[in-house]
$ cat coords21.cif   # mmCIF, C-alpha atoms
data_query
loop_
_atom_site.label_atom_id
_atom_site.label_comp_id
_atom_site.auth_asym_id
_atom_site.auth_seq_id
_atom_site.Cartn_x
_atom_site.Cartn_y
_atom_site.Cartn_z
CA MET O 1 -24.10 -30.14 -13.16
CA VAL O 2 -23.63 -28.21 -9.87
CA THR O 3 -20.71 -25.79 -9.89
CA LYS O 4 -18.58 -24.82 -6.90
CA ASP O 5 -20.29 -21.43 -6.62
CA MET O 6 -23.76 -23.05 -6.61
CA ARG O 7 -22.62 -25.53 -3.96
CA ARG O 8 -21.34 -22.66 -1.76
CA PHE O 9 -24.60 -20.76 -2.26
CA ILE O 10 -26.66 -23.82 -1.23
CA ILE O 11 -24.51 -24.32 1.88
CA VAL O 12 -24.85 -20.66 2.90
CA VAL O 13 -28.65 -20.75 2.41
CA PHE O 14 -28.87 -23.98 4.41
CA MET O 15 -26.79 -22.53 7.27
CA LEU O 16 -28.86 -19.33 7.38
CA THR O 17 -32.07 -21.37 7.46
CA VAL O 18 -30.83 -23.52 10.34
CA GLN O 19 -29.63 -20.44 12.23
CA SER O 20 -32.94 -18.61 11.82
CA LEU O 21 -34.91 -21.65 13.00
CA SER O 22 -32.77 -21.98 16.13
CA ALA O 23 -33.18 -18.29 17.04
CA GLN O 24 -36.96 -18.29 17.47
CA ILE O 25 -38.45 -16.02 20.13
CA ARG O 26 -40.26 -17.80 22.91
CA ILE O 27 -43.11 -16.03 24.64
CA ILE O 28 -43.33 -16.76 28.35
CA PRO O 29 -46.57 -15.92 30.18
CA GLN O 30 -46.19 -13.19 32.82
CA ASP O 31 -47.53 -15.50 35.54
CA LYS O 32 -44.57 -17.84 35.02
CA LEU O 33 -42.13 -14.93 35.04
CA LEU O 34 -43.54 -13.55 38.29
CA SER O 35 -43.51 -16.98 39.95
CA ALA O 36 -39.81 -17.29 39.06
CA GLU O 37 -38.98 -14.12 41.01
CA PRO O 38 -37.37 -14.49 44.42
CA LYS O 39 -39.64 -15.33 47.32
CA ALA O 40 -39.51 -13.17 50.43
CA VAL O 41 -37.91 -14.35 53.64
CA SER O 42 -40.76 -15.86 55.65
CA ASN O 43 -39.67 -14.69 59.12
CA SER O 44 -38.78 -11.12 58.15
CA ALA O 45 -39.58 -8.34 60.59
CA LEU O 46 -39.98 -5.79 57.79
CA GLN O 47 -43.63 -5.28 56.89
CA PHE O 48 -45.37 -2.92 54.49
CA ALA O 49 -48.66 -1.43 55.71
CA THR O 50 -50.16 -2.97 52.56
CA ASN O 51 -48.54 -5.53 50.26
CA GLU O 52 -50.16 -4.10 47.13
CA ILE O 53 -50.64 -0.61 45.74
CA ASN O 54 -53.14 -0.10 42.93
CA PHE O 55 -52.73 3.20 41.11
CA GLY O 56 -55.88 2.63 39.04
CA THR O 57 -55.97 3.82 35.44
CA ILE O 58 -53.55 6.46 34.19
CA ASP O 59 -52.80 7.85 30.75
CA GLU O 60 -49.48 6.93 29.15
CA MET O 61 -48.71 10.59 28.45
CA SER O 62 -49.79 11.87 31.89
CA GLY O 63 -46.23 11.90 33.22
CA VAL O 64 -44.79 10.23 36.26
CA TRP O 65 -47.18 8.63 38.76
CA GLN O 66 -46.00 9.01 42.33
CA GLY O 67 -47.15 7.16 45.42
CA SER O 68 -45.76 5.91 48.70
CA ALA O 69 -45.86 2.95 51.05
CA THR O 70 -45.06 2.74 54.74
CA LEU O 71 -42.44 0.20 55.81
CA THR O 72 -42.25 -0.81 59.49
CA ASN O 73 -39.73 -2.85 61.45
CA GLU O 74 -41.98 -5.12 63.54
CA GLY O 75 -39.04 -6.95 65.12
CA GLY O 76 -36.94 -6.35 68.20
CA GLU O 77 -33.63 -5.63 66.43
CA THR O 78 -32.36 -2.87 64.18
CA ILE O 79 -32.48 -3.82 60.48
CA ALA O 80 -30.26 -2.30 57.79
CA ILE O 81 -31.65 -2.33 54.25
CA THR O 82 -28.84 -3.18 51.84
CA ARG O 83 -30.56 -2.70 48.46
CA VAL O 84 -33.85 -1.99 46.73
CA LYS O 85 -34.70 -3.59 43.38
CA SER O 86 -37.73 -3.46 41.08
CA THR O 87 -38.83 -5.80 38.31
CA CYS O 88 -38.79 -3.02 35.70
CA GLY O 89 -36.80 0.12 35.06
CA CYS O 90 -40.12 1.95 34.75
CA LEU O 91 -40.69 1.65 38.53
CA LYS O 92 -38.32 3.40 40.95
CA ALA O 93 -38.38 3.08 44.72
CA GLU O 94 -36.68 5.80 46.75
CA MET O 95 -36.01 5.66 50.46
CA PRO O 96 -33.44 6.95 52.94
CA LYS O 97 -30.31 4.80 53.23
CA ARG O 98 -30.37 4.04 56.94
CA ALA O 99 -31.15 1.32 59.43
CA LEU O 100 -34.63 0.89 60.86
CA ALA O 101 -34.86 0.67 64.67
CA PRO O 102 -37.44 -1.65 66.27
CA LYS O 103 -41.05 -0.45 65.78
CA GLU O 104 -39.78 2.41 63.58
CA SER O 105 -41.41 3.24 60.23
CA MET O 106 -40.23 4.94 57.06
CA LYS O 107 -41.87 6.07 53.86
CA VAL O 108 -40.87 4.43 50.56
CA VAL O 109 -41.57 6.77 47.64
CA LEU O 110 -42.62 5.03 44.42
CA LYS O 111 -42.36 6.58 40.97
CA TYR O 112 -43.82 4.87 37.91
CA TYR O 113 -42.92 6.11 34.41
CA PRO O 114 -45.83 5.01 32.15
CA ARG O 115 -44.53 6.22 28.77
CA GLY O 116 -44.06 3.23 26.48
CA HIS O 117 -45.77 0.83 28.90
CA ALA O 118 -49.43 0.82 27.84
CA GLY O 119 -51.54 -2.06 29.17
CA MET O 120 -51.80 -3.92 32.47
CA VAL O 121 -49.08 -3.14 35.00
CA ARG O 122 -47.91 -5.63 37.60
CA GLN O 123 -44.48 -4.75 38.96
CA ARG O 124 -42.77 -5.58 42.24
CA VAL O 125 -40.30 -3.85 44.54
CA PHE O 126 -37.91 -6.04 46.54
CA LEU O 127 -36.15 -4.86 49.72
CA TYR O 128 -33.05 -6.78 50.72
CA THR O 129 -31.41 -6.69 54.15
CA GLU O 130 -28.29 -8.11 55.67
CA ALA O 131 -30.34 -11.21 56.64
CA SER O 132 -30.23 -12.55 53.06
CA ASP O 133 -28.70 -11.33 49.83
CA GLU O 134 -30.65 -13.87 47.74
CA HIS O 135 -34.14 -13.55 49.20
CA PRO O 136 -35.86 -10.19 49.77
CA SER O 137 -37.05 -9.33 53.26
CA ALA O 138 -40.10 -7.43 51.99
CA VAL O 139 -42.00 -7.38 48.70
CA LEU O 140 -44.40 -4.70 47.48
CA GLU O 141 -46.56 -5.13 44.38
CA VAL O 142 -47.65 -2.17 42.24
CA ARG O 143 -50.62 -2.67 39.92
CA GLY O 144 -52.66 -0.59 37.55
CA VAL O 145 -53.63 0.05 33.95
CA VAL O 146 -51.90 2.43 31.55
CA THR O 147 -54.05 3.61 28.63
CA ALA O 148 -52.50 4.56 25.31
CA PRO O 149 -53.40 7.95 23.86
CA ALA O 150 -55.45 8.17 20.67
CA ASP O 151 -52.82 10.40 19.06
CA ARG O 152 -49.60 8.39 18.67
CA SER O 153 -47.75 11.04 16.61
CA ASP O 154 -45.20 11.59 19.41
CA ASP O 155 -44.00 8.01 18.90
CA TYR O 156 -42.95 8.82 15.35
CA PRO O 157 -40.73 11.91 15.34
CA TYR O 158 -40.08 11.79 11.59
CA SER O 159 -42.60 12.01 8.79
CA ARG O 160 -42.34 11.00 5.17
CA GLY O 161 -42.76 13.37 2.31
#

$ encode --input "coords21.cif" --output "structure tokens"
Amino acid sequence: MVTKDMRRFIIVVFMLTVQSLSAQIRIIPQDKLLSAEPKAVSNSALQFATNEINFGTIDEMSGVWQGSATLTNEGGETIAITRVKSTCGCLKAEMPKRALAPKESMKVVLKYYPRGHAGMVRQRVFLYTEASDEHPSAVLEVRGVVTAPADRSDDYPYSRG
């Protein structure tokens, strides 16, 4: 005979099983994630000198990688950049907060923090202007490889024993 306590136990186990099955992690390939990112405005006057920067291979513990890209206003009107966004907190883009006059250029400083990001790197920087708040006016891709150090003791600050 099944008692009330056993019945409650069976119901709790059943509910936990259903909940754990519904909370499965789904792995989405990076290509699908990157294709879901916003597409740049097609008629934008903002142009990077190169659309991709490859920093090569760096060590995870080497510290911050720093590079730069040149952004030019190829149009005939002044363009004000409203915001800069990257696909990861590990990549920062710094630039002066000002409008770009026609045919004027500015340097965008890029800083990549590799610690904790070993493997292939493919991040993007999006520049938005007053032309569109949904679609970026310029996109820059940063690629490279971060190698993990052989000694991982810094990742484990506490030891047993």

$ atom_distance --input "coords21.cif" --atom1 "atom CA of Gln66 of chain O" --atom2 "atom CA of Lys103 of chain O"
25.8 Å

$ closest_residue --input "coords21.cif" --among "O:Ala118, O:Leu127, O:Ile79, O:Val108" --to "Ala148 of chain O" --atoms "only C-alpha atoms"
O:Ala118

$ residues_around --input "coords21.cif" --residues "segment 61-64 of chain O" --least-positions-apart "3" --cutoff "9 Å" --atoms "only C-alpha atoms" --output "VMD selection string"
chain O and resid 58 111 to 116 147 to 149

$ resolve_selection --input "coords21.cif" --expression "the PyMOL selection byres ((chain O and resi 46) around 6)" --output "list in words"
Ser44, Ala45, Gln47, Thr72 and Asn73 of chain O

$ write_last_selection --input "coords21.cif" --atoms "C-alpha atoms" --output "mmCIF file, in the frame of the given file"
data_model
loop_
_atom_site.group_PDB
_atom_site.id
_atom_site.type_symbol
_atom_site.label_atom_id
_atom_site.label_comp_id
_atom_site.auth_asym_id
_atom_site.auth_seq_id
_atom_site.Cartn_x
_atom_site.Cartn_y
_atom_site.Cartn_z
ATOM 1 C CA SER O 44 -38.780 -11.120 58.150
ATOM 2 C CA ALA O 45 -39.580 -8.340 60.590
ATOM 3 C CA GLN O 47 -43.630 -5.280 56.890
ATOM 4 C CA THR O 72 -42.250 -0.810 59.490
ATOM 5 C CA ASN O 73 -39.730 -2.850 61.450
#

$ atom_distance --input "coords21.cif" --atom1 "atom CA of His135 of chain O" --atom2 "atom CA of Lys92 of chain O"
19.3 Å

$ residues_near_point --input "coords21.cif" --point "(-51.2, 1.0, 37.9)" --cutoff "9 Å" --atoms "only C-alpha atoms" --output "PyMOL selection string"
chain O and resi 53-58+65+112+114+120-123+142-146

$ closest_residue --input "coords21.cif" --among "O:Ala150, O:Met106, O:Ile81, O:Leu91" --to "Tyr128 of chain O" --atoms "all atoms listed in the file"
O:Ile81

$ closest_residue --input "coords21.cif" --among "O:Asp5, O:Glu94, O:Asp151, O:Glu52" --to "Val139 of chain O" --atoms "all atoms listed in the file"
O:Glu52

$ closest_residue --input "coords21.cif" --among "O:Pro102, O:Lys4, O:Ser68, O:Thr82" --to "Glu134 of chain O" --atoms "only C-alpha atoms"
O:Thr82

$ atom_distance --input "coords21.cif" --atom1 "atom CA of Lys107 of chain O" --atom2 "atom CA of Pro136 of chain O"
17.8 Å

$ closest_residue --input "coords21.cif" --among "O:Arg7, O:Arg98, O:Glu104, O:Ala131" --to "Gly76 of chain O" --atoms "all atoms listed in the file"
O:Glu104

$ closest_residue --input "coords21.cif" --among "O:Leu140, O:Val12, O:Cys90, O:Val2" --to "Leu71 of chain O" --atoms "only C-alpha atoms"
O:Leu140

$ residues_around --input "coords21.cif" --residues "Ala93 of chain O" --least-positions-apart "5" --cutoff "8 Å" --atoms "only C-alpha atoms" --output "list of chain:residue names"
O:Val84, O:Lys85, O:Ser86, O:Val108, O:Val109, O:Leu110, O:Lys111, O:Val125

$ decode --input "coords21.cif" --residues "segment 89-142 of chain O" --atoms "C-alpha atoms" --output "JSON list (two decimals), in the first residue's frame"
[["chain", "number", "residue", "atom", "x", "y", "z"],
["O", 89, "GLY", "CA", 33.18, 42.05, -23.09],
["O", 90, "CYS", "CA", 36.73, 40.84, -23.77],
["O", 91, "LEU", "CA", 37.03, 43.27, -26.72],
["O", 92, "LYS", "CA", 36.90, 47.03, -26.10],
["O", 93, "ALA", "CA", 36.86, 49.71, -28.77],
["O", 94, "GLU", "CA", 37.89, 53.23, -27.77],
["O", 95, "MET", "CA", 37.50, 56.32, -29.90],
["O", 96, "PRO", "CA", 36.90, 60.03, -29.45],
["O", 97, "LYS", "CA", 33.25, 61.00, -29.02],
["O", 98, "ARG", "CA", 32.86, 63.45, -31.87],
["O", 99, "ALA", "CA", 31.42, 63.82, -35.33],
["O", 100, "LEU", "CA", 33.43, 62.93, -38.42],
["O", 101, "ALA", "CA", 33.57, 65.59, -41.15],
["O", 102, "PRO", "CA", 33.57, 64.53, -44.82],
["O", 103, "LYS", "CA", 36.82, 62.78, -45.88],
["O", 104, "GLU", "CA", 38.06, 62.93, -42.26],
["O", 105, "SER", "CA", 39.61, 59.90, -40.54],
["O", 106, "MET", "CA", 39.99, 58.81, -36.94],
["O", 107, "LYS", "CA", 41.78, 56.01, -35.16],
["O", 108, "VAL", "CA", 39.75, 53.38, -33.29],
["O", 109, "VAL", "CA", 41.86, 51.76, -30.55],
["O", 110, "LEU", "CA", 41.09, 48.09, -29.92],
["O", 111, "LYS", "CA", 41.94, 46.25, -26.71],
["O", 112, "TYR", "CA", 41.48, 42.49, -26.39],
["O", 113, "TYR", "CA", 41.69, 40.82, -22.96],
["O", 114, "PRO", "CA", 42.66, 37.17, -23.65],
["O", 115, "ARG", "CA", 42.59, 35.78, -20.10],
["O", 116, "GLY", "CA", 39.92, 33.09, -19.87],
["O", 117, "HIS", "CA", 39.33, 33.05, -23.64],
["O", 118, "ALA", "CA", 41.67, 30.36, -24.97],
["O", 119, "GLY", "CA", 40.93, 29.11, -28.49],
["O", 120, "MET", "CA", 39.83, 30.70, -31.76],
["O", 121, "VAL", "CA", 38.75, 34.34, -31.51],
["O", 122, "ARG", "CA", 36.21, 35.89, -33.85],
["O", 123, "GLN", "CA", 34.69, 39.04, -32.39],
["O", 124, "ARG", "CA", 33.08, 42.06, -34.02],
["O", 125, "VAL", "CA", 32.87, 45.77, -33.28],
["O", 126, "PHE", "CA", 29.74, 47.63, -34.40],
["O", 127, "LEU", "CA", 29.62, 51.42, -34.91],
["O", 128, "TYR", "CA", 26.17, 52.99, -34.83],
["O", 129, "THR", "CA", 25.32, 56.46, -36.14],
["O", 130, "GLU", "CA", 22.27, 58.65, -36.14],
["O", 131, "ALA", "CA", 21.31, 57.06, -39.50],
["O", 132, "SER", "CA", 20.07, 53.87, -37.78],
["O", 133, "ASP", "CA", 19.85, 52.72, -34.19],
["O", 134, "GLU", "CA", 19.12, 49.11, -35.20],
["O", 135, "HIS", "CA", 21.71, 48.54, -37.92],
["O", 136, "PRO", "CA", 25.39, 49.44, -37.52],
["O", 137, "SER", "CA", 26.97, 51.80, -40.02],
["O", 138, "ALA", "CA", 30.34, 50.04, -39.90],
["O", 139, "VAL", "CA", 31.49, 46.60, -38.76],
["O", 140, "LEU", "CA", 35.03, 45.53, -37.92],
["O", 141, "GLU", "CA", 35.99, 41.90, -37.29],
["O", 142, "VAL", "CA", 38.85, 40.92, -34.97]]
